[in-house]
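S.K.: Pasting work04.csv here (CSV, C-alpha atoms):
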chain,number,residue,atom,x,y,z
Y,11,MET,CA,42.1,16.6,29.5
Y,12,HIS,CA,39.5,16.7,32.2
Y,13,GLN,CA,35.9,16.1,31.1
Y,14,HIS,CA,34.7,19.4,32.5
Y,15,VAL,CA,37.2,21.6,30.5
Y,16,LEU,CA,35.2,21.5,27.3
Y,17,HIS,CA,32.0,22.2,29.1
Y,18,ASP,CA,33.6,25.2,30.9
Y,19,ILE,CA,34.9,26.7,27.7
Y,20,LEU,CA,31.5,26.4,26.0
Y,21,HIS,CA,29.9,28.0,29.0
Y,22,GLN,CA,32.4,30.9,28.8
Y,23,LEU,CA,31.7,31.4,25.1
Y,24,GLN,CA,27.9,31.5,25.8
Y,25,ARG,CA,28.4,34.0,28.6
Y,26,ALA,CA,30.6,36.2,26.5
Y,27,ALA,CA,28.1,36.2,23.7
Y,28,HIS,CA,25.2,36.9,26.1
Y,29,ASP,CA,27.1,39.8,27.7
Y,30,ALA,CA,27.8,41.3,24.3
Y,31,ASP,CA,24.4,40.5,22.8
Y,32,ARG,CA,26.0,38.5,20.1
Y,33,SER,CA,25.4,35.0,18.8
Y,34,VAL,CA,27.4,32.2,20.3
Y,35,PRO,CA,30.4,31.4,18.1
Y,36,ARG,CA,31.5,28.0,17.0
Y,37,LEU,CA,34.4,26.5,18.9
Y,38,LEU,CA,37.4,25.4,16.8
Y,39,ALA,CA,39.7,23.3,19.0
Y,40,VAL,CA,43.3,24.1,18.1
Y,41,SER,CA,44.7,20.6,18.3
Y,42,LYS,CA,48.1,21.3,16.6
Y,43,THR,CA,50.9,19.6,18.5
Y,44,GLN,CA,48.5,17.7,20.7
Y,45,ASP,CA,48.5,13.9,20.4
Y,46,GLU,CA,45.8,11.8,18.8
Y,47,THR,CA,44.5,10.6,22.2
Y,48,ALA,CA,43.7,14.1,23.3
Y,49,VAL,CA,41.9,14.8,20.1
Y,50,ALA,CA,39.9,11.5,20.3
Y,51,ASN,CA,39.0,12.2,23.9
Y,52,LEU,CA,37.7,15.7,23.0
Y,53,ALA,CA,35.7,14.2,20.1
Y,54,LEU,CA,34.1,11.7,22.3
Y,55,GLN,CA,32.9,14.6,24.5
Y,56,GLY,CA,31.1,16.1,21.5
Y,57,GLN,CA,33.7,18.5,20.0
Y,58,THR,CA,33.6,18.2,16.2
Y,59,ALA,CA,35.9,20.9,14.7
Y,60,PHE,CA,39.6,20.7,15.0
Y,61,GLY,CA,42.3,23.0,13.8
Y,62,GLU,CA,45.7,21.9,12.6
Y,63,ASN,CA,48.8,23.7,11.2
Y,64,TYR,CA,50.5,20.9,9.3
Y,65,VAL,CA,49.2,18.5,6.6
Y,66,GLN,CA,51.2,15.5,7.8
Y,67,GLU,CA,50.2,15.9,11.5
Y,68,ALA,CA,46.6,16.2,10.6
Y,69,LEU,CA,46.8,13.1,8.4
Y,70,ALA,CA,47.9,11.1,11.4
Y,71,LYS,CA,45.2,12.4,13.6
Y,72,ARG,CA,42.5,11.9,11.0
Y,73,ALA,CA,43.5,8.3,10.8
Y,74,ALA,CA,43.7,7.9,14.5
Y,75,THR,CA,40.2,9.3,15.0
Y,76,ALA,CA,38.6,7.4,12.2
Y,77,ALA,CA,36.9,5.0,14.6
Y,78,THR,CA,35.6,8.0,16.6
Y,79,ALA,CA,34.2,9.5,13.4
Y,80,ALA,CA,32.7,6.1,12.4
Y,81,ALA,CA,30.9,5.9,15.8
Y,82,GLY,CA,28.8,8.9,14.8
Y,83,HIS,CA,31.0,11.8,15.8
Y,84,ALA,CA,31.5,13.3,12.4
Y,85,LEU,CA,34.7,15.4,12.7
Y,86,GLU,CA,35.7,18.6,10.7
Y,87,TRP,CA,39.3,19.3,10.0
Y,88,HIS,CA,40.4,22.9,9.6
Y,89,LEU,CA,43.8,24.0,8.3
Y,90,ILE,CA,44.8,27.1,10.2
Y,91,GLY,CA,48.5,27.1,9.4
Y,92,HIS,CA,50.3,28.7,6.4
Y,93,LEU,CA,49.8,26.6,3.3
Y,94,GLN,CA,52.5,26.3,0.7
Y,95,SER,CA,51.2,25.8,-2.9
Y,96,ASN,CA,53.1,22.5,-3.2
Y,97,LYS,CA,50.9,21.1,-0.4
Y,98,ALA,CA,47.6,22.2,-1.9
Y,99,ALA,CA,46.8,18.7,-3.3
Y,100,GLU,CA,47.1,17.2,0.1
Y,101,ALA,CA,45.3,20.0,1.8
Y,102,ALA,CA,42.4,19.9,-0.7
Y,103,THR,CA,42.0,16.1,0.0
Y,104,LEU,CA,42.4,16.1,3.8
Y,105,PHE,CA,40.7,19.2,5.1
Y,106,ASP,CA,37.1,20.4,5.2
Y,107,TRP,CA,38.2,24.0,5.7
Y,108,VAL,CA,41.2,26.1,4.9
Y,109,HIS,CA,41.5,29.3,7.0
Y,110,THR,CA,44.7,30.6,5.4
Y,111,VAL,CA,44.0,31.4,1.8
Y,112,ASP,CA,45.9,34.6,1.1
Y,113,ARG,CA,47.0,34.6,-2.5
Y,114,ALA,CA,45.5,33.9,-6.0
Y,115,LYS,CA,48.0,31.1,-6.7
Y,116,LEU,CA,46.6,29.1,-3.7
Y,117,VAL,CA,43.0,29.7,-4.8
Y,118,THR,CA,43.8,28.1,-8.2
Y,119,ALA,CA,45.7,25.2,-6.7
Y,120,LEU,CA,43.1,24.3,-4.1
Y,121,ALA,CA,40.3,24.6,-6.6
Y,122,ARG,CA,42.0,22.3,-9.1
Y,123,HIS,CA,42.7,19.6,-6.6
Y,124,ARG,CA,39.3,19.8,-5.0
Y,125,ALA,CA,37.6,19.6,-8.3
Y,126,SER,CA,39.4,16.3,-9.0
Y,127,GLN,CA,37.2,14.8,-6.1
Y,128,PRO,CA,33.7,15.3,-7.5
Y,129,GLN,CA,32.2,13.2,-4.7
Y,130,ARG,CA,33.4,15.8,-2.1
Y,131,PRO,CA,31.5,19.0,-1.3
Y,132,PRO,CA,33.2,22.3,-2.1
Y,133,LEU,CA,36.2,23.1,0.1
Y,134,ASN,CA,35.2,25.8,2.7
Y,135,VAL,CA,37.8,28.7,2.6
Y,136,LEU,CA,38.5,31.8,4.6
Y,137,ILE,CA,40.6,34.6,3.5
Y,138,GLN,CA,43.5,35.2,5.9
Y,139,VAL,CA,44.0,39.0,6.3
Y,140,ASN,CA,47.2,40.5,7.7
Y,141,ILE,CA,45.0,42.9,9.7
Y,142,ASP,CA,47.8,44.7,11.4
Y,143,ASP,CA,50.2,44.8,8.5
Y,144,GLU,CA,52.9,42.8,10.3
Y,145,ALA,CA,56.0,41.9,8.3
Y,146,SER,CA,56.3,38.6,10.1
Y,147,LYS,CA,52.7,37.5,9.4
Y,148,HIS,CA,51.1,35.7,6.5
Y,149,GLY,CA,47.8,37.0,5.1
Y,150,CYS,CA,46.8,39.4,2.3
Y,151,ALA,CA,46.5,43.1,2.7
Y,152,PRO,CA,42.9,44.4,3.5
Y,153,ALA,CA,42.9,46.1,0.1
Y,154,GLU,CA,43.4,42.7,-1.6
Y,155,VAL,CA,40.4,41.0,0.0
Y,156,ALA,CA,37.9,42.0,-2.7
Y,157,ALA,CA,39.9,40.5,-5.6
Y,158,LEU,CA,40.7,37.4,-3.7
Y,159,ALA,CA,37.1,36.9,-2.8
Y,160,ALA,CA,36.1,37.2,-6.4
Y,161,ALA,CA,38.6,34.6,-7.4
Y,162,ILE,CA,37.3,32.2,-4.8
Y,163,ALA,CA,33.7,32.8,-5.6
Y,164,ALA,CA,34.4,32.0,-9.3
Y,165,GLU,CA,35.6,28.5,-8.4
Y,166,PRO,CA,32.8,25.9,-8.1
Y,167,ALA,CA,35.1,23.6,-6.1
Y,168,LEU,CA,35.6,26.3,-3.4
Y,169,ARG,CA,33.1,27.9,-1.0
Y,170,LEU,CA,33.9,31.4,0.3
Y,171,ARG,CA,32.9,31.4,3.9
Y,172,GLY,CA,34.5,34.6,5.3
Y,173,VAL,CA,37.6,36.0,6.9
Y,174,MET,CA,40.3,34.9,9.4
Y,175,VAL,CA,42.7,37.2,11.3
Y,176,ILE,CA,45.4,37.0,13.9
Y,177,PRO,CA,46.0,40.4,15.4
Y,178,THR,CA,49.3,41.6,16.8
Y,179,PRO,CA,49.7,39.8,20.2
Y,180,HIS,CA,49.7,42.8,22.4
Y,181,ALA,CA,50.3,41.9,26.1
Y,182,ASP,CA,47.0,43.7,26.8
Y,183,PRO,CA,44.3,41.9,24.8
Y,184,GLU,CA,42.2,45.0,24.9
Y,185,GLN,CA,44.7,46.6,22.4
Y,186,ARG,CA,43.6,43.9,19.9
Y,187,ARG,CA,40.1,45.2,19.7
Y,188,PRO,CA,40.6,47.7,16.9
Y,189,ALA,CA,42.0,44.9,14.7
Y,190,PHE,CA,38.9,42.8,15.4
Y,191,VAL,CA,36.7,45.8,14.5
Y,192,ARG,CA,38.5,46.2,11.2
Y,193,ALA,CA,38.1,42.5,10.5
Y,194,LYS,CA,34.4,42.7,11.1
Y,195,THR,CA,34.1,45.6,8.6
Y,196,LEU,CA,35.8,43.5,5.9
Y,197,PHE,CA,33.6,40.5,6.8
Y,198,ASP,CA,30.4,42.5,6.6
Y,199,ALA,CA,31.4,43.9,3.2
Y,200,LEU,CA,31.9,40.3,1.9
Y,201,ALA,CA,28.6,39.2,3.4
Y,202,VAL,CA,26.8,42.1,1.6
Y,203,GLN,CA,28.3,41.2,-1.7
Y,204,TYR,CA,28.1,37.4,-1.6
Y,205,GLY,CA,25.1,36.8,0.6
Y,206,ALA,CA,24.4,34.4,3.5
Y,207,GLY,CA,27.0,31.9,2.5
Y,208,VAL,CA,29.6,34.3,3.9
Y,209,ASP,CA,29.0,33.4,7.5
Y,210,THR,CA,32.3,32.9,9.3
Y,211,LEU,CA,34.6,35.5,11.0
Y,212,SER,CA,37.3,33.4,12.6
Y,213,MET,CA,39.1,35.4,15.2
Y,214,GLY,CA,39.9,35.2,18.9
Y,215,MET,CA,42.0,32.8,20.9
Y,216,SER,CA,42.3,31.6,24.5
Y,217,ASP,CA,43.3,35.0,25.9
Y,218,ASP,CA,41.1,37.3,23.9
Y,219,PHE,CA,38.0,35.4,22.8
Y,220,ALA,CA,35.6,37.5,24.8
Y,221,ILE,CA,36.8,40.7,23.0
Y,222,ALA,CA,36.6,39.0,19.7
Y,223,ILE,CA,33.1,37.7,20.4
Y,224,ALA,CA,32.0,41.2,21.4
Y,225,GLU,CA,33.3,42.5,18.0
Y,226,GLY,CA,31.5,39.9,16.0
Y,227,ALA,CA,33.5,36.7,15.8
Y,228,THR,CA,31.4,33.7,14.7
Y,229,MET,CA,34.3,31.2,15.2
Y,230,VAL,CA,37.0,31.2,17.9
Y,231,ARG,CA,40.2,29.2,17.9
Y,232,ILE,CA,41.0,27.8,21.3
Y,233,GLY,CA,43.9,25.6,22.1
Y,234,THR,CA,45.7,26.4,25.3
Y,235,ALA,CA,42.6,26.8,27.4
Y,236,LEU,CA,41.3,23.4,26.2
Y,237,PHE,CA,44.5,21.3,26.1
Y,238,GLY,CA,47.0,23.1,28.3
Y,239,ALA,CA,50.4,24.4,27.2
Y,240,ARG,CA,51.5,23.2,23.8
Y,241,ALA,CA,53.9,20.4,23.3
Y,242,ARG,CA,56.9,20.8,21.1
Y,243,PRO,CA,55.9,21.7,17.5
Y,244,ALA,CA,55.8,18.8,15.1
Y,245,ALA,CA,57.5,18.8,11.8
Y,246,GLY,CA,55.3,19.8,8.9
Using the file provided, produce a representation of the structure as structure tokens.
M.R.:
Amino acid sequence: MHQHVLHDILHQLQRAAHDADRSVPRLLAVSKTQDETAVANLALQGQTAFGENYVQEALAKRAATAATAAAGHALEWHLIGHLQSNKAAEAATLFDWVHTVDRAKLVTALARHRASQPQRPPLNVLIQVNIDDEASKHGCAPAEVAALAAAIAAEPALRLRGVMVIPTPHADPEQRRPAFVRAKTLFDALAVQYGAGVDTLSMGMSDDFAIAIAEGATMVRIGTALFGARARPAAG
């Protein structure tokens, strides 16, 4: 990856936020399927937050970038892929954030395994909402958000941070705007109920981040624009 790419993406985020009179969102570099070298190079340029789909792939990258982290570039690892309950122990150990909490069973499992590591801070979690009610997508229904939020908030080992959505991938990104608007409404309701700790609305990717920012995204997940086209998916 060329050195200027990260700078260009950050500039685009700043410009989109300025144009929409919004705060500049955090950049989550979607590093799934990218090799360890690409992640390490981006970390050395100052990027700190990386998103992975699979526990095993993230484990290898965390090990490969340990020297980078030790050099003063503290890295954050975010799980953005679907999490099976039987992987909750590994996820609760490896990740700093889980974006894909969508059922009570997962809340219980993550809390139990994170609580067994008292030296670690609470695990940051986002509720994944199936915002367009797609049969093929994971995520809870919008009506289930309140109950799931209450379950997360009741667990000392977890920290409720907000909401994550992946709208239907319409060919015209503008058609995704209503989904972003609905997600912002859900996020605002949680922030009112739970206070300033609810601070993260994770939405928007390489082709629609400007629209997501205009509608209130505080974190955007960008892979292709940073790394180029994805490599073949790794096994999970």
S.K.: With a distance cut-off of 9 Å and all atoms listed in the file, select the neighbouring residues of Glu100 in chain Y, excluding the residue or stretch itself and same-chain residues fewer than 6 positions from it, and output the selection as a list in words.
M.R.: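 These residues fall inside the cut-off: Val65, Gln66 and His123 of chain Y.
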S.K.: With distances taken over only C-alpha atoms, which of Y:Thr195, Y:Thr228, Y:Thr178, Y:Thr234 is nearest to Val34 in chain Y?
M.R.: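 With only C-alpha atoms as the atom set, the closest residue is Y:Thr228.
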S.K.: Looking at Y:Tyr204, Y:Trp107, Y:Phe190, Y:Phe237, which one is nearest to Val175 in chain Y, with distances taken over all atoms listed in the file?
M.R.: Y:Phe190
S.K.: What is the distance between CA of Ala39 in chain Y and CA of Pro152 in chain Y, in Å to one decimal?
M.R.: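 Interatomic distance, CA of Ala39 in chain Y to CA of Pro152 in chain Y: 26.4 Å.
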S.K.: Using CA of Gln57 in chain Y and CA of Leu37 in chain Y as the two end points, give the distance in Å to one decimal.
M.R.: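 Distance reported for this atom pair: 8.1 Å.
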S.K.: Mind pulling up the distance from CA of Ile137 in chain Y to CA of Met174 in chain Y?
M.R.: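 Distance reported for this atom pair: 5.9 Å.
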S.K.: From the set Y:Ala157, Y:His21, Y:Arg130, Y:Val111, which residue has the shortest atom-to-atom contact distance to Leu200 in chain Y, counting all atoms listed in the file?
M.R.: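 Smallest distance to Leu200 in chain Y is found for Y:Ala157.
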S.K.: Give me the box for range 196-210 of chain Y as JSON, namely the centre and edge lengths in Å to one decimal of a box along x, y and z that holds every listed atom plus 3 Å on each side.
M.R.:
{"center_x": 30.1, "center_y": 37.9, "center_z": 3.8, "size_x": 17.4, "size_y": 18.0, "size_z": 17.0}
S.K.: Write out as a count of residues only which residues come within 10 Å of Pro179 in chain Y when counting all atoms listed in the file, dropping same-chain ones fewer than 4 positions away.
M.R.: 5
